[in-house]
Structures are given as C-alpha cells and as structure tokens.
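First up is the structure itself, then whatever we jot down about it.
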Amino acid sequence: DAVENINILLEKYPEDGELLARLAQCYASQKRLDDARDAYAKSIAADPQRVDSYLGYAVLLRSEFDDVAAADELIDSMVETNPDDYRSHLVRCTYFRAYGLMEEAYENILKAAELAPEEMEVLLTAATIARRTKRVDEAREFLARAREVDGSSQEVFRLLATIAQESNELDLATEYVNEGLEKNPTSRLLLEMKAGLLIADGQLDEARDVIAQLDGLRHDIEKLDFLRAQVLLREGQYVRAAQLLESIRPLLVRDTYNRIRTNLTLITCYEKLGQNDLVIDACNRVLADQDADDGTASMAPVAFQTMIGKQLSLPIEQRDWTRAEEHIATIRERNEAIEDPEVRERQQVNLKLYEAEILYHKGELEEAERRLSEA
C-alpha cells in the first residue's frame with residue numbers, strides 16, 4: 001500500500017521532508033493519528049522551509065487532537081522560521097481563513113503581497129479576502145495588479161464581475177464578463193456568469209443561447225439546470241422551476257455554495273406558490289448550511305428574515321423557533337472567536353438585534369428590550 005511504498009523510499013531518503021509529509025497524510029487518512037503527528041514533526045525537522053507540512057500538521061492538531069494552542073504556535077513558528085518567504089504568510093492566511101478568522105487572514109495576505117507583489121495566487125487570494133471583508137476598493141486594486149501580471153486570467157474577470165454585481169453595477173459586471181470572454185471564449189466560468197446576468201436583465205432568449213453553448217461545452221448538469229430554472233422563474237413557471245431545482249438538490253451534497261443558492265431560489269418559488277411549509281423547510285436548509293460553513297455567511301440573512309416572516313404567518317401554537325435559535329447560537333460562538341475587538345463589537349450588535357427579534361416574537365418582551373438596550 002501507499003504507506004509501505006513511502007517507507008521503502010524513506011529507507012533510501014530518510015530526510016526527505018516531502019516523503020515524510022506524504023506519510024503523515026496517509027497515516028491521518030487511516031486514523032493512525034499519533035503516527036501522523038510524528039511523521040509531520042519529522043517532516044518539519046527535515047525541511048523547515050516546506051511550509052505545507054506546517055499547515056497539514058496544524059490542521060491535524062486542531063481537528064483530531066483539539067489542541068488549538070499548539071496548532072497556532074506551530075503556524076507562528078513557521079513564519080518565524082521563514083519570515084521572508086511569502087509562502088509562509090500565504091499558508092498562515094489559509095490557516096486563519098479555514099477557521100473563519102478573516103481579519104487575521106487579511107493581515108497575513110497583505111504581508112505575502114508585500115513580499116511577492118506579482119504572484120498571481122497571492123493577488124487573487126488577497127482580492128478574494130478583501131471582497132469577503134467588505135474592502136471593495138482594495139479588492140479592485142489587487143485585481144488591477146493581477147491584470148498587469150496576467151491580462152487574460154478568467155479568474156480576474158470573474159472576481160471583477162462578481163464585485164461589480166454585488167455593488168449593483170450590472171452594466172460594469174457585464175463589461176467585465178464580455179471582456180473576459182474575448183480572451184477566453186470557451187470559459188465555462190464566464191459563460192455561466194453571462195447567462196446569469198442575461199437572466200437578471202430579462203434577456204431570456206439570449207440566456208438560452210448561452211446555456212446551449214455551455215451544454216455543448218459539457219458544463220455541469222446541475223449548474224445548467226439551475227440556470228434553466230432561473231429562466232423558468234423569470235417566466236412565471238414556478239412549479240416547473242421548483243421541480244427542476246428539487247431534482248438537482250441531491251447532486252449538491254459536497255457543494256455548499258450552490259446548494260444554498262438553489263435553496264434560496266426555491267424559497268422564491270415556494271413563496272410565489274404560497275407553500276409556506278416548503279418555504280420554511282428551504283430556509284432551514286440554508287441556515288443549517290450556513291452554520292456549517294462560515295464562508296457563506298452573507299447568504300444567510302435573506303433566509304433568516306424570510307423564515308421569521310413565515311413563522312409569524314402560522315398560528316402561535318405552531319411556530320417553531322428552534323432553527324433560528326440554533327443559528328443565533330452559531331453566530332454567538334463565531335463571534336467569541338473573533339480577535340479584532342472592533343469587528344467583534346460590530347458583530348455583537350447584530351447578534352443582539354437578532355436575539356431581540358426572536359425574543360419579541362416569542363412574547364418575551366422584557367428580555368427583548370434588554371437585548372436592544374445592550375445593542
């Protein structure tokens with residue numbers, strides 16, 4: 001097996017950091033956790049400049065040994081050992097980002113960008129995190145630098161179009177997508193965005209043409225059907241749209257973003273059809289996914305508010321606030337992990353408002369007023 005083969009190679013190259021790291025990965029996949037930990041330690045001792053070994057080891061310490069302090073210390077030691085290597089700051093950025101510490105991630109990607117100002121991975125990561133942390137101008141600056149490095153990168157045009165779309169600059173988003181397609185005419189990524197923009201603009205025949213082009217490029221069936229469902233929704237064919245969306249939900253088990261996007265669209269369909277129980281079910285699925293993946297946090301408020309509205313439409317004895325309270329508990333837990341006091345305070349205000357709203361609807365007026373006063 002893989003472990004045996006790697007050990008054979010290690011007999012010849014006992015100080016090979018990469019081999020030792022691969023051995024650690026194999027042990028981890030087999031749940032031989034102590035062996036994995038030892039192999040990672042040996043990998044780092046053999047090759048302290050191999051930054052990926054630190055990341056694998058740190059994730060193992062956090063996820064399998066529940067030793068956050070040791071994992072954080074290890075990542076810090078990586079940067080102390082390799083202070084002038086942009087990859088060490090990129091890895092620490094990746095580490096913080098994986099655990100929802102976006103401000104810390106941004107601080108480290110800035111250092112990586114300072115050390116490697118023309119490295120595309122660094123510039124795209126910096127732009128992505130800047131966008132996620134609402135630093136739109138900074139995100140655009142990083143993407144402008146990335147365009148200077150690689151003027152045909154489809155990912156650059158995708159991010160530029162996404163930021164424009166989120167800023168409600170749909171004409172600008174369309175310009176970026178079309179410019180990107182001039183350089184990458186068969187980019188499924190950009191064609192999918194173009195179809196979505198055409199649908200949003202009501203150009204349904206043109207959108208169908210782009211969907212057909214994507215079909216010819218063998219684009220993912222679930223993404224094609226999502227676009228087709230959006231066309232049906234714009235045409236008022238709510239039943240057919242919902243049926244199509246329900247058919248692709250089982251295909252999205254490992255795709256949280258598109259699963260949430262599908263459920264948000266189902267919320268719209270079922271609202272139009274007046275099926276409040278199905279609206280609540282779809283809202284609950286969105287909140288459950290968001291609670292499991294902090295990277296989708298910006299997608300949750302719509303479902304949260306919609307669910308509250310639908311619960312209020314039910315008789316008092318039928319209202320169930322369990323999912324909403326679980327969602328608030330998740331937000332509270334994440335807030336406690338935020339190290340930046342200003343960011344934590346802003347999030348705390350939003351949390352208190354959420355709590356007050358639920359308490360008010362449950363009839364606990366004094367407690368609701370207390371939460372509002374704290375906000």
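Naming works like this for the structure tokens: A, B, ... for the chains as they're shown, residue 1 at the start of each chain, ligands 1 onward in shown order.
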Q | region 310-323 of chain A environment, 12 Å, only C-alpha atoms, sequence neighbours closer than 2 positions dropped, as a VMD selection string | A | chain A and resid 267 270 to 271 274 to 291 303 to 308 325 to 330 355 357 to 363
Using only C-alpha atoms, the shortest atom-to-atom distance to Glu374 (chain A) among A:Glu64, A:Glu15, A:Ala356, A:Asp150 belongs to A:Ala356
Q: Tell me, as a ChimeraX atom specification, which residues lie within 10 Å of region 105-115 of chain A, counting only C-alpha atoms; anything in the same chain fewer than 6 positions away does not count.
A: /A:83-99,121-123,125-130,132-133,142
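For the residues A:Arg370, A:Arg50, A:His219, A:Arg234, ranking by smallest atom-to-atom distance to Leu353 (chain A) using only C-alpha atoms places A:Arg370 first.
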Judged by only C-alpha atoms, the minimum distance to Ser247 (chain A) among A:Leu101, A:Leu74, A:Ile260, A:Ile221 is found for A:Ile221
Polymer residues at most 12 Å from Phe157 (chain A), only C-alpha atoms, same-chain spacing of 2 or more positions, as number ranges by chain:
A: 124, 127, 140, 143-144, 146-147, 150-155, 159-165, 172-184, 187, 189-191, 193-194
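Proximity of A:Leu372, A:Val231, A:Ile199, A:Val239 to Leu273 (chain A), computed with only C-alpha atoms, is greatest for A:Val239.
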Subject >> Every residue of region 34-214 of chain A that DSSP places in alpha helix (DSSP H), as a PyMOL selection string >> reply: chain A and resi 34-46+51-63+68-81+86-98+102-115+120-132+136-149+154-166+170-183+188-200+204-214
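In terms of minimum interatomic distance to Pro185 (chain A), A:Leu214 ranks closest within A:Val149, A:Leu198, A:Leu214, A:Asp209, counting only C-alpha atoms.
From CA of Arg62 (chain A) back to CA of Asp1 (chain A), the distance works out to 27.3 Å.
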